[in-house]
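Enquirer: Here you go, model29.cif (mmCIF, C-alpha atoms):
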```
data_data
#
loop_
_atom_site.group_PDB
_atom_site.id
_atom_site.type_symbol
_atom_site.label_atom_id
_atom_site.label_comp_id
_atom_site.auth_asym_id
_atom_site.auth_seq_id
_atom_site.Cartn_x
_atom_site.Cartn_y
_atom_site.Cartn_z
ATOM 1 C CA MET F 199 -20.013 17.366 18.405
ATOM 2 C CA LYS F 200 -18.649 17.928 21.871
ATOM 3 C CA VAL F 201 -14.946 18.254 22.666
ATOM 4 C CA TYR F 202 -14.082 16.833 26.108
ATOM 5 C CA SER F 203 -11.434 18.387 28.315
ATOM 6 C CA ASN F 204 -10.575 15.079 30.013
ATOM 7 C CA ILE F 205 -11.111 11.372 29.343
ATOM 8 C CA LEU F 206 -13.094 11.069 32.593
ATOM 9 C CA GLU F 207 -15.820 13.307 31.162
ATOM 10 C CA MET F 208 -16.486 10.601 28.581
ATOM 11 C CA ILE F 209 -17.641 8.060 31.164
ATOM 12 C CA GLY F 210 -21.343 7.273 30.871
ATOM 13 C CA ASN F 211 -23.988 8.342 28.351
ATOM 14 C CA THR F 212 -23.401 5.087 26.497
ATOM 15 C CA PRO F 213 -25.554 4.195 23.478
ATOM 16 C CA MET F 214 -28.401 1.681 23.378
ATOM 17 C CA VAL F 215 -28.820 -0.749 20.480
ATOM 18 C CA GLU F 216 -31.718 -3.041 19.634
ATOM 19 C CA PHE F 217 -30.777 -6.634 18.821
ATOM 20 C CA GLN F 218 -32.818 -7.483 15.738
ATOM 21 C CA ASN F 219 -31.125 -10.657 14.495
ATOM 22 C CA LEU F 220 -31.668 -12.816 17.587
ATOM 23 C CA ASP F 221 -34.712 -14.896 18.569
ATOM 24 C CA THR F 222 -36.404 -12.599 21.086
ATOM 25 C CA GLY F 223 -39.888 -14.091 20.765
ATOM 26 C CA LYS F 224 -42.582 -11.447 21.156
ATOM 27 C CA CYS F 225 -40.191 -9.034 22.875
ATOM 28 C CA ARG F 226 -37.788 -6.317 21.829
ATOM 29 C CA LEU F 227 -34.329 -6.725 23.349
ATOM 30 C CA PHE F 228 -31.975 -3.783 23.834
ATOM 31 C CA GLY F 229 -28.312 -3.764 24.814
ATOM 32 C CA LYS F 230 -26.849 -0.896 26.819
ATOM 33 C CA MET F 231 -23.385 -0.535 25.294
ATOM 34 C CA GLU F 232 -21.259 -0.168 28.409
ATOM 35 C CA SER F 233 -18.312 -1.404 26.358
ATOM 36 C CA GLN F 234 -18.280 2.095 24.841
ATOM 37 C CA ASN F 235 -17.046 3.699 28.050
ATOM 38 C CA PRO F 236 -13.442 4.957 27.691
ATOM 39 C CA GLY F 237 -12.137 2.068 29.805
ATOM 40 C CA ALA F 238 -14.344 -0.305 27.786
ATOM 41 C CA SER F 239 -16.578 -1.500 30.636
ATOM 42 C CA ILE F 240 -19.452 -0.550 32.926
ATOM 43 C CA LYS F 241 -16.976 -0.406 35.824
ATOM 44 C CA ASP F 242 -15.658 2.998 34.689
ATOM 45 C CA ARG F 243 -18.799 4.456 36.247
ATOM 46 C CA ILE F 244 -18.153 3.093 39.718
ATOM 47 C CA ALA F 245 -14.417 3.768 39.538
ATOM 48 C CA VAL F 246 -14.825 7.519 39.203
ATOM 49 C CA SER F 247 -17.722 7.536 41.676
ATOM 50 C CA MET F 248 -15.808 5.635 44.389
ATOM 51 C CA ILE F 249 -12.588 7.630 44.034
ATOM 52 C CA GLU F 250 -14.380 10.983 44.038
ATOM 53 C CA ALA F 251 -16.477 9.943 47.062
ATOM 54 C CA ALA F 252 -13.278 9.027 48.946
ATOM 55 C CA GLU F 253 -11.730 12.369 47.980
ATOM 56 C CA LYS F 254 -14.763 14.315 49.194
ATOM 57 C CA ALA F 255 -14.713 12.397 52.496
ATOM 58 C CA GLY F 256 -11.041 13.302 52.954
ATOM 59 C CA HIS F 257 -9.885 9.668 52.904
ATOM 60 C CA ILE F 258 -7.466 10.092 50.003
ATOM 61 C CA LYS F 259 -5.519 12.742 48.133
ATOM 62 C CA PRO F 260 -3.352 12.654 44.967
ATOM 63 C CA GLY F 261 -0.117 10.800 45.626
ATOM 64 C CA ASP F 262 -1.753 8.178 47.851
ATOM 65 C CA THR F 263 -1.784 4.456 47.066
ATOM 66 C CA LEU F 264 -5.080 2.712 46.372
ATOM 67 C CA ILE F 265 -5.711 -1.030 46.377
ATOM 68 C CA GLU F 266 -8.660 -3.020 45.091
ATOM 69 C CA ALA F 267 -9.793 -6.625 44.694
ATOM 70 C CA THR F 268 -11.332 -7.100 41.268
ATOM 71 C CA ALA F 269 -12.084 -9.475 38.411
ATOM 72 C CA GLY F 270 -10.274 -6.923 36.271
ATOM 73 C CA ASN F 271 -12.714 -4.349 34.938
ATOM 74 C CA THR F 272 -13.109 -2.353 38.152
ATOM 75 C CA GLY F 273 -9.333 -2.340 38.324
ATOM 76 C CA LEU F 274 -9.113 -1.010 34.777
ATOM 77 C CA GLY F 275 -11.656 1.700 35.552
ATOM 78 C CA LEU F 276 -9.693 2.641 38.671
ATOM 79 C CA ALA F 277 -6.454 2.653 36.636
ATOM 80 C CA LEU F 278 -8.064 5.054 34.166
ATOM 81 C CA VAL F 279 -9.124 7.412 36.962
ATOM 82 C CA ALA F 280 -5.898 7.022 38.972
ATOM 83 C CA SER F 281 -3.808 7.918 35.921
ATOM 84 C CA GLN F 282 -5.661 11.222 35.624
ATOM 85 C CA LYS F 283 -5.837 12.065 39.323
ATOM 86 C CA GLY F 284 -2.304 11.115 40.400
ATOM 87 C CA TYR F 285 -2.767 7.940 42.470
ATOM 88 C CA THR F 286 -0.650 4.801 42.684
ATOM 89 C CA LEU F 287 -2.761 1.683 42.173
ATOM 90 C CA LYS F 288 -2.380 -1.921 43.355
ATOM 91 C CA ILE F 289 -4.727 -4.578 41.970
ATOM 92 C CA VAL F 290 -5.450 -8.008 43.455
ATOM 93 C CA MET F 291 -7.035 -10.298 40.865
ATOM 94 C CA PRO F 292 -7.911 -14.028 40.854
ATOM 95 C CA ASP F 293 -5.776 -16.175 38.579
ATOM 96 C CA LYS F 294 -8.696 -17.281 36.366
ATOM 97 C CA MET F 295 -9.065 -13.805 34.859
ATOM 98 C CA SER F 296 -7.770 -13.175 31.363
ATOM 99 C CA MET F 297 -4.168 -12.143 30.713
ATOM 100 C CA GLU F 298 -5.453 -9.317 28.511
ATOM 101 C CA LYS F 299 -6.809 -7.641 31.651
ATOM 102 C CA GLU F 300 -3.464 -7.974 33.426
ATOM 103 C CA TYR F 301 -1.526 -6.627 30.442
ATOM 104 C CA ASN F 302 -3.955 -3.713 30.205
ATOM 105 C CA LEU F 303 -3.608 -2.912 33.917
ATOM 106 C CA ARG F 304 0.182 -2.992 33.768
ATOM 107 C CA ALA F 305 0.150 -0.745 30.703
ATOM 108 C CA PHE F 306 -1.703 1.799 32.856
ATOM 109 C CA GLY F 307 1.072 1.528 35.454
ATOM 110 C CA ALA F 308 -0.874 -0.506 37.999
ATOM 111 C CA GLU F 309 0.808 -3.294 39.953
ATOM 112 C CA VAL F 310 -1.036 -6.620 39.650
ATOM 113 C CA LEU F 311 -1.021 -9.415 42.233
ATOM 114 C CA ARG F 312 -2.656 -12.704 41.237
ATOM 115 C CA THR F 313 -4.361 -14.907 43.842
ATOM 116 C CA ARG F 314 -6.034 -18.317 43.874
ATOM 117 C CA SER F 315 -9.507 -18.562 42.376
ATOM 118 C CA ASP F 316 -10.218 -21.959 43.953
ATOM 119 C CA VAL F 317 -10.709 -20.592 47.487
ATOM 120 C CA GLY F 318 -13.660 -18.791 49.047
ATOM 121 C CA LYS F 319 -14.270 -15.725 51.171
ATOM 122 C CA GLY F 320 -12.500 -16.016 54.528
ATOM 123 C CA HIS F 321 -9.541 -17.946 53.145
ATOM 124 C CA PRO F 322 -6.260 -16.008 53.585
ATOM 125 C CA GLU F 323 -5.523 -16.332 49.851
ATOM 126 C CA TYR F 324 -8.989 -15.157 48.735
ATOM 127 C CA TYR F 325 -8.497 -12.041 46.635
ATOM 128 C CA GLN F 326 -10.648 -9.719 48.749
ATOM 129 C CA ASP F 327 -9.002 -10.869 51.988
ATOM 130 C CA VAL F 328 -5.565 -10.362 50.437
ATOM 131 C CA ALA F 329 -6.408 -6.806 49.385
ATOM 132 C CA LYS F 330 -7.802 -5.944 52.814
ATOM 133 C CA ARG F 331 -4.754 -7.363 54.581
ATOM 134 C CA LEU F 332 -2.293 -5.523 52.313
ATOM 135 C CA SER F 333 -4.169 -2.255 52.819
ATOM 136 C CA GLU F 334 -3.899 -2.616 56.603
ATOM 137 C CA GLU F 335 -0.238 -3.640 56.537
ATOM 138 C CA ASN F 336 0.868 -0.831 54.224
ATOM 139 C CA GLY F 337 -1.536 2.012 54.942
ATOM 140 C CA TRP F 338 -3.010 1.850 51.445
ATOM 141 C CA PHE F 339 -6.643 2.887 50.861
ATOM 142 C CA PHE F 340 -8.869 -0.135 50.158
ATOM 143 C CA ILE F 341 -11.590 0.885 47.679
ATOM 144 C CA ASN F 342 -13.708 -2.241 48.415
ATOM 145 C CA GLN F 343 -16.366 -2.085 45.704
ATOM 146 C CA PHE F 344 -18.321 -4.861 47.470
ATOM 147 C CA SER F 345 -19.179 -2.619 50.433
ATOM 148 C CA ASN F 346 -18.923 0.834 48.866
ATOM 149 C CA ASP F 347 -22.142 2.864 48.668
ATOM 150 C CA ALA F 348 -20.645 5.035 45.909
ATOM 151 C CA ASN F 349 -20.843 1.904 43.736
ATOM 152 C CA ILE F 350 -24.635 1.895 44.120
ATOM 153 C CA GLN F 351 -24.898 5.650 43.584
ATOM 154 C CA ALA F 352 -23.039 5.485 40.276
ATOM 155 C CA HIS F 353 -25.755 3.249 38.811
ATOM 156 C CA TYR F 354 -28.661 4.968 40.554
ATOM 157 C CA GLU F 355 -27.560 8.395 39.335
ATOM 158 C CA THR F 356 -26.255 7.571 35.848
ATOM 159 C CA THR F 357 -26.831 4.087 34.385
ATOM 160 C CA ALA F 358 -30.487 3.719 35.368
ATOM 161 C CA PRO F 359 -31.633 7.237 34.356
ATOM 162 C CA GLU F 360 -29.909 6.792 30.997
ATOM 163 C CA ILE F 361 -31.800 3.531 30.362
ATOM 164 C CA TRP F 362 -35.077 5.178 31.381
ATOM 165 C CA GLU F 363 -34.503 8.167 29.115
ATOM 166 C CA GLN F 364 -33.297 6.149 26.130
ATOM 167 C CA LEU F 365 -36.475 4.055 26.124
ATOM 168 C CA ASP F 366 -38.773 6.948 27.100
ATOM 169 C CA GLY F 367 -39.719 5.063 30.248
ATOM 170 C CA LYS F 368 -41.012 2.084 28.260
ATOM 171 C CA VAL F 369 -39.026 -0.500 30.207
ATOM 172 C CA ASP F 370 -40.627 -3.812 31.184
ATOM 173 C CA ALA F 371 -37.608 -5.804 32.340
ATOM 174 C CA VAL F 372 -33.880 -5.401 32.973
ATOM 175 C CA VAL F 373 -31.582 -8.443 32.890
ATOM 176 C CA ILE F 374 -28.329 -8.083 34.850
ATOM 177 C CA GLY F 375 -25.799 -10.116 36.794
ATOM 178 C CA VAL F 376 -24.194 -9.675 40.184
ATOM 179 C CA GLY F 377 -20.494 -9.094 40.704
ATOM 180 C CA SER F 378 -20.154 -6.525 43.460
ATOM 181 C CA GLY F 379 -23.927 -5.943 43.715
ATOM 182 C CA GLY F 380 -23.889 -2.242 42.893
ATOM 183 C CA THR F 381 -25.530 -2.633 39.494
ATOM 184 C CA ILE F 382 -28.657 -4.436 40.712
ATOM 185 C CA THR F 383 -29.031 -2.226 43.777
ATOM 186 C CA GLY F 384 -28.579 1.051 41.903
ATOM 187 C CA ILE F 385 -30.521 0.206 38.751
ATOM 188 C CA GLY F 386 -33.093 -1.888 40.597
ATOM 189 C CA ARG F 387 -33.963 0.811 43.124
ATOM 190 C CA TYR F 388 -34.311 3.453 40.423
ATOM 191 C CA MET F 389 -36.483 1.290 38.190
ATOM 192 C CA LYS F 390 -38.749 0.138 41.023
ATOM 193 C CA GLU F 391 -39.243 3.762 42.077
ATOM 194 C CA LYS F 392 -40.251 4.649 38.527
ATOM 195 C CA ASN F 393 -42.470 1.597 38.064
ATOM 196 C CA PRO F 394 -42.771 -1.241 40.621
ATOM 197 C CA ASP F 395 -43.953 -3.573 37.836
ATOM 198 C CA ILE F 396 -40.591 -3.521 36.054
ATOM 199 C CA GLU F 397 -39.066 -6.973 36.443
ATOM 200 C CA MET F 398 -35.443 -7.226 37.516
ATOM 201 C CA VAL F 399 -34.019 -10.476 36.190
ATOM 202 C CA LEU F 400 -30.876 -12.156 37.527
ATOM 203 C CA ALA F 401 -28.487 -13.834 35.087
ATOM 204 C CA ASP F 402 -26.256 -16.089 37.163
ATOM 205 C CA PRO F 403 -23.449 -18.424 36.049
ATOM 206 C CA GLU F 404 -23.895 -22.078 36.935
ATOM 207 C CA GLY F 405 -21.822 -22.653 40.076
ATOM 208 C CA SER F 406 -22.653 -19.286 41.629
ATOM 209 C CA ILE F 407 -24.822 -19.311 44.749
ATOM 210 C CA LEU F 408 -27.007 -16.317 43.863
ATOM 211 C CA ALA F 409 -29.815 -17.817 41.770
ATOM 212 C CA ASP F 410 -30.289 -20.635 44.290
ATOM 213 C CA TYR F 411 -30.248 -18.137 47.154
ATOM 214 C CA MET F 412 -32.933 -16.046 45.463
ATOM 215 C CA LYS F 413 -35.154 -19.092 44.961
ATOM 216 C CA THR F 414 -34.580 -20.864 48.304
ATOM 217 C CA GLY F 415 -33.135 -18.268 50.691
ATOM 218 C CA GLU F 416 -30.277 -20.667 51.413
ATOM 219 C CA ILE F 417 -26.581 -20.166 50.740
ATOM 220 C CA LYS F 418 -25.249 -23.366 49.203
ATOM 221 C CA GLN F 419 -21.728 -24.503 48.431
ATOM 222 C CA ALA F 420 -20.353 -22.610 45.435
ATOM 223 C CA GLY F 421 -18.999 -24.384 42.394
ATOM 224 C CA SER F 422 -16.680 -22.988 39.742
ATOM 225 C CA TRP F 423 -17.288 -21.192 36.462
ATOM 226 C CA VAL F 424 -15.136 -19.638 33.734
ATOM 227 C CA VAL F 425 -17.292 -16.562 33.082
ATOM 228 C CA GLU F 426 -15.538 -13.515 34.510
ATOM 229 C CA GLY F 427 -16.909 -10.655 36.585
ATOM 230 C CA ILE F 428 -20.292 -12.034 37.655
ATOM 231 C CA GLY F 429 -21.452 -14.807 39.953
ATOM 232 C CA GLU F 430 -20.466 -15.047 43.613
ATOM 233 C CA ASP F 431 -19.764 -17.439 46.466
ATOM 234 C CA PHE F 432 -21.238 -14.945 48.986
ATOM 235 C CA ILE F 433 -23.808 -12.123 49.090
ATOM 236 C CA PRO F 434 -21.973 -8.778 48.733
ATOM 237 C CA ASP F 435 -22.800 -6.189 51.405
ATOM 238 C CA ILE F 436 -24.290 -3.714 48.934
ATOM 239 C CA CYS F 437 -26.294 -6.299 46.967
ATOM 240 C CA ASP F 438 -30.046 -6.024 47.560
ATOM 241 C CA MET F 439 -31.211 -9.424 46.320
ATOM 242 C CA SER F 440 -34.837 -8.552 47.160
ATOM 243 C CA LEU F 441 -34.935 -6.371 44.038
ATOM 244 C CA PHE F 442 -34.807 -9.421 41.763
ATOM 245 C CA ASP F 443 -38.090 -10.880 40.513
ATOM 246 C CA LYS F 444 -36.743 -13.798 38.463
ATOM 247 C CA ALA F 445 -33.489 -15.688 38.081
ATOM 248 C CA TYR F 446 -31.928 -17.763 35.324
ATOM 249 C CA THR F 447 -28.918 -20.029 35.788
ATOM 250 C CA VAL F 448 -26.683 -20.035 32.714
ATOM 251 C CA SER F 449 -23.985 -22.623 32.017
ATOM 252 C CA ASP F 450 -20.569 -21.486 30.835
ATOM 253 C CA LYS F 451 -21.151 -23.044 27.420
ATOM 254 C CA GLU F 452 -24.519 -21.344 26.957
ATOM 255 C CA GLY F 453 -23.109 -17.962 27.971
ATOM 256 C CA LEU F 454 -19.982 -18.184 25.830
ATOM 257 C CA ASP F 455 -21.977 -19.419 22.841
ATOM 258 C CA ALA F 456 -24.413 -16.518 23.269
ATOM 259 C CA ALA F 457 -21.584 -13.965 23.277
ATOM 260 C CA ARG F 458 -20.005 -15.465 20.157
ATOM 261 C CA ASP F 459 -23.439 -15.531 18.521
ATOM 262 C CA LEU F 460 -23.951 -11.860 19.401
ATOM 263 C CA MET F 461 -20.740 -10.988 17.582
ATOM 264 C CA ARG F 462 -21.642 -12.973 14.478
ATOM 265 C CA LYS F 463 -25.259 -11.826 14.231
ATOM 266 C CA GLU F 464 -25.182 -8.278 15.644
ATOM 267 C CA ALA F 465 -21.463 -7.375 15.258
ATOM 268 C CA VAL F 466 -21.370 -6.558 18.989
ATOM 269 C CA MET F 467 -18.271 -7.943 20.694
ATOM 270 C CA GLY F 468 -18.981 -8.384 24.378
ATOM 271 C CA GLY F 469 -17.153 -10.268 27.096
ATOM 272 C CA SER F 470 -18.106 -13.463 28.893
ATOM 273 C CA SER F 471 -20.469 -11.775 31.368
ATOM 274 C CA THR F 472 -22.296 -10.180 28.427
ATOM 275 C CA GLY F 473 -22.897 -13.663 27.062
ATOM 276 C CA THR F 474 -24.370 -14.843 30.359
ATOM 277 C CA LEU F 475 -26.690 -11.823 30.510
ATOM 278 C CA LEU F 476 -27.688 -12.257 26.879
ATOM 279 C CA ALA F 477 -28.463 -15.966 27.306
ATOM 280 C CA ALA F 478 -30.721 -15.201 30.276
ATOM 281 C CA ALA F 479 -32.337 -12.266 28.458
ATOM 282 C CA LEU F 480 -33.154 -14.439 25.445
ATOM 283 C CA ARG F 481 -34.688 -17.111 27.662
ATOM 284 C CA TYR F 482 -36.732 -14.454 29.463
ATOM 285 C CA CYS F 483 -37.902 -12.967 26.157
ATOM 286 C CA GLN F 484 -38.873 -16.365 24.770
ATOM 287 C CA ASP F 485 -40.852 -17.126 27.948
ATOM 288 C CA GLN F 486 -43.094 -14.081 27.502
ATOM 289 C CA THR F 487 -46.577 -14.344 25.991
ATOM 290 C CA GLU F 488 -46.989 -10.583 25.471
ATOM 291 C CA PRO F 489 -44.649 -8.017 23.858
ATOM 292 C CA LYS F 490 -42.180 -6.397 26.276
ATOM 293 C CA ASN F 491 -39.198 -4.067 26.116
ATOM 294 C CA VAL F 492 -36.275 -5.866 27.716
ATOM 295 C CA VAL F 493 -32.903 -4.280 28.481
ATOM 296 C CA THR F 494 -29.609 -5.975 29.175
ATOM 297 C CA LEU F 495 -25.989 -4.814 29.343
ATOM 298 C CA VAL F 496 -22.979 -5.242 27.108
ATOM 299 C CA CYS F 497 -20.814 -5.123 30.213
ATOM 300 C CA ASP F 498 -17.377 -4.898 28.618
ATOM 301 C CA THR F 499 -15.481 -5.424 25.386
ATOM 302 C CA GLY F 500 -14.724 -8.874 24.067
ATOM 303 C CA ASN F 501 -11.220 -7.693 23.202
ATOM 304 C CA ARG F 502 -10.288 -8.667 26.768
ATOM 305 C CA TYR F 503 -11.021 -12.335 26.024
ATOM 306 C CA LEU F 504 -9.321 -12.914 22.667
ATOM 307 C CA SER F 505 -7.083 -15.600 24.197
ATOM 308 C CA LYS F 506 -10.087 -17.351 25.737
ATOM 309 C CA MET F 507 -13.710 -17.297 24.540
ATOM 310 C CA TYR F 508 -12.881 -15.923 21.081
ATOM 311 C CA ASN F 509 -10.058 -18.433 20.638
ATOM 312 C CA ASP F 510 -11.383 -21.656 19.061
ATOM 313 C CA GLU F 511 -8.476 -23.681 20.426
ATOM 314 C CA TRP F 512 -9.183 -22.548 24.005
ATOM 315 C CA MET F 513 -12.901 -23.257 23.513
ATOM 316 C CA LYS F 514 -12.111 -26.787 22.265
ATOM 317 C CA GLU F 515 -9.625 -27.399 25.073
ATOM 318 C CA LYS F 516 -12.291 -26.477 27.645
ATOM 319 C CA GLY F 517 -14.945 -28.590 25.930
ATOM 320 C CA PHE F 518 -17.113 -25.658 24.813
ATOM 321 C CA LEU F 519 -16.637 -26.138 21.079
#
```
Please lay out the structure from this file as structure tokens.

Expert:
Amino acid sequence: MKVYSNILEMIGNTPMVEFQNLDTGKCRLFGKMESQNPGASIKDRIAVSMIEAAEKAGHIKPGDTLIEATAGNTGLGLALVASQKGYTLKIVMPDKMSMEKEYNLRAFGAEVLRTRSDVGKGHPEYYQDVAKRLSEENGWFFINQFSNDANIQAHYETTAPEIWEQLDGKVDAVVIGVGSGGTITGIGRYMKEKNPDIEMVLADPEGSILADYMKTGEIKQAGSWVVEGIGEDFIPDICDMSLFDKAYTVSDKEGLDAARDLMRKEAVMGGSSTGTLLAAALRYCQDQTEPKNVVTLVCDTGNRYLSKMYNDEWMKEKGFL
């Protein structure tokens, strides 16, 4: 067994598990356990990639202040890296995100600013606009995962090759969501280069514009959803939507139920985005008439949602249970 010299060396090389107690039709469904990263989410990968890219470009050095707009997990990944590399970190996060994420960020020493989640891109109180403005006013370095090519590279160079190797190249479909867009662009490009017939499947929360955009090419008015970390009211700069072959829209109830079901039947505790991906993956699997190997992601740990989706009282209050 390997002994690591630093927690950052433990990012990536996450295990893959087959879900055998769910109705996957003729298919085999595998979950890439990104919750096993040291910061407990897939965003650890992009955090180290984006900070190291900025260091190499000479944009930042230890002692500087970084700021990022995030649903929480990118912030936690950045907090993990910042704590080891000597940066001060400011996080701007919409108010719908779980308190567990905020407590976790503050425990790392990050400063958290909450913003409205009922406003869209371009509004002065929109979380990304707030982060950009604060960076300009204070001379802080804005990471900006939504436009950062190092986000794509993290998945192209690590996540995708790991999936390919773990399944010996026998991959027929990958089901993922869109938050910043780096996951689909990085994994999608790699998979299409390996085999153009691999289907990239979008799992999108109901209320997000992405599934409709993929089907119609039109950007419609966004709604609202409780699932955290995926779904958008705009197309992120680094998101290559052309890589998707299919799209499934998943209601909050269906996604949250799927995540709770995953815990009961497979003992895998994922967050709300994991439930959305799983619900779409199961629908995709059940739609197939021939056996396929389908991969999805356990994006983060469900421990960050104990006060919400794993709390029966919260689920009843929101009408999900």

Enquirer: Which residue is closest to Gln234 (chain F)? Choose from F:Val466, F:Val425, F:Val376, F:Met248 and count only C-alpha atoms.

Expert: F:Val466

Enquirer: Apply the PyMOL selection byres ((chain F and resi 316) around 10) to the structure shown and report the selected residues as a list in words.

Expert: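 Output of the PyMOL selection byres ((chain F and resi 316) around 10): Pro292, Asp293, Lys294, Thr313, Arg314, Ser315, Val317, Gly318, Glu323, Tyr324, Gly421 and Ser422 of chain F.
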
Enquirer: Spell out the residues picked by the PyMOL selection byres ((chain F and resi 386-398) around 7) here, as a list in words.

Expert: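 That expression, the PyMOL selection byres ((chain F and resi 386-398) around 7), corresponds here to Tyr354, Ala358, Val369, Asp370, Ala371, Val372, Val373, Ile382, Thr383, Gly384, Ile385, Val399, Leu400, Leu441, Phe442, Asp443 and Lys444 of chain F.
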
Enquirer: Dump as a Markdown table the rows for residues of region 349-410 of chain F within 12 Å of region 261-283 of chain F: closest atom pair and distance in Å with one decimal, only C-alpha atoms counted, ordered by chain and rising residue number.

Expert:
```
| residue | atom | partner | partner_atom | distance |
| --- | --- | --- | --- | --- |
| F:Asn349 | CA | F:Thr272 | CA | 10.4 |
| F:Gly377 | CA | F:Ala269 | CA | 8.7 |
| F:Ser378 | CA | F:Thr268 | CA | 9.1 |
| F:Gly380 | CA | F:Thr272 | CA | 11.8 |
```

Enquirer: Here is a test: counting only C-alpha atoms, which residue of F:Ile407, F:Val215, F:Leu220, F:Leu206 is nearest to Ser247 (chain F)?

Expert: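 Between F:Ile407, F:Val215, F:Leu220, F:Leu206, the residue approaching Ser247 (chain F) most closely is F:Leu206.
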
Enquirer: Give me, as a VMD selection string, all polymer residues having an atom no more than 7 Å from Ile240 (chain F), counting only C-alpha atoms and skipping those fewer than 5 positions away in the same chain.

Expert: chain F and resid 232 to 233 235 497 to 498

Enquirer: Could you tell me which residues the PyMOL selection byres ((chain F and resi 340) around 8) returns for this structure, as an MDAnalysis selection string?

Expert: chainID F and resid 264:266 329:330 333 338:339 341:342

Enquirer: My list of candidates is F:Tyr411, F:Met291, F:Asp485, F:Ser296. Which is closest to Asp327 (chain F) when distances are computed with all atoms listed in the file?

Expert: F:Met291

Enquirer: Which distance in Å separates CA of Gly469 (chain F) and CA of Arg502 (chain F), to one decimal?

Expert: 7.1 Å

Enquirer: Ranking F:Gln351, F:Arg226, F:Glu426, F:Phe344 by minimum distance to Glu250 (chain F) and counting only C-alpha atoms, which one comes first?

Expert: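 The answer is F:Gln351, which sits nearest to Glu250 (chain F).
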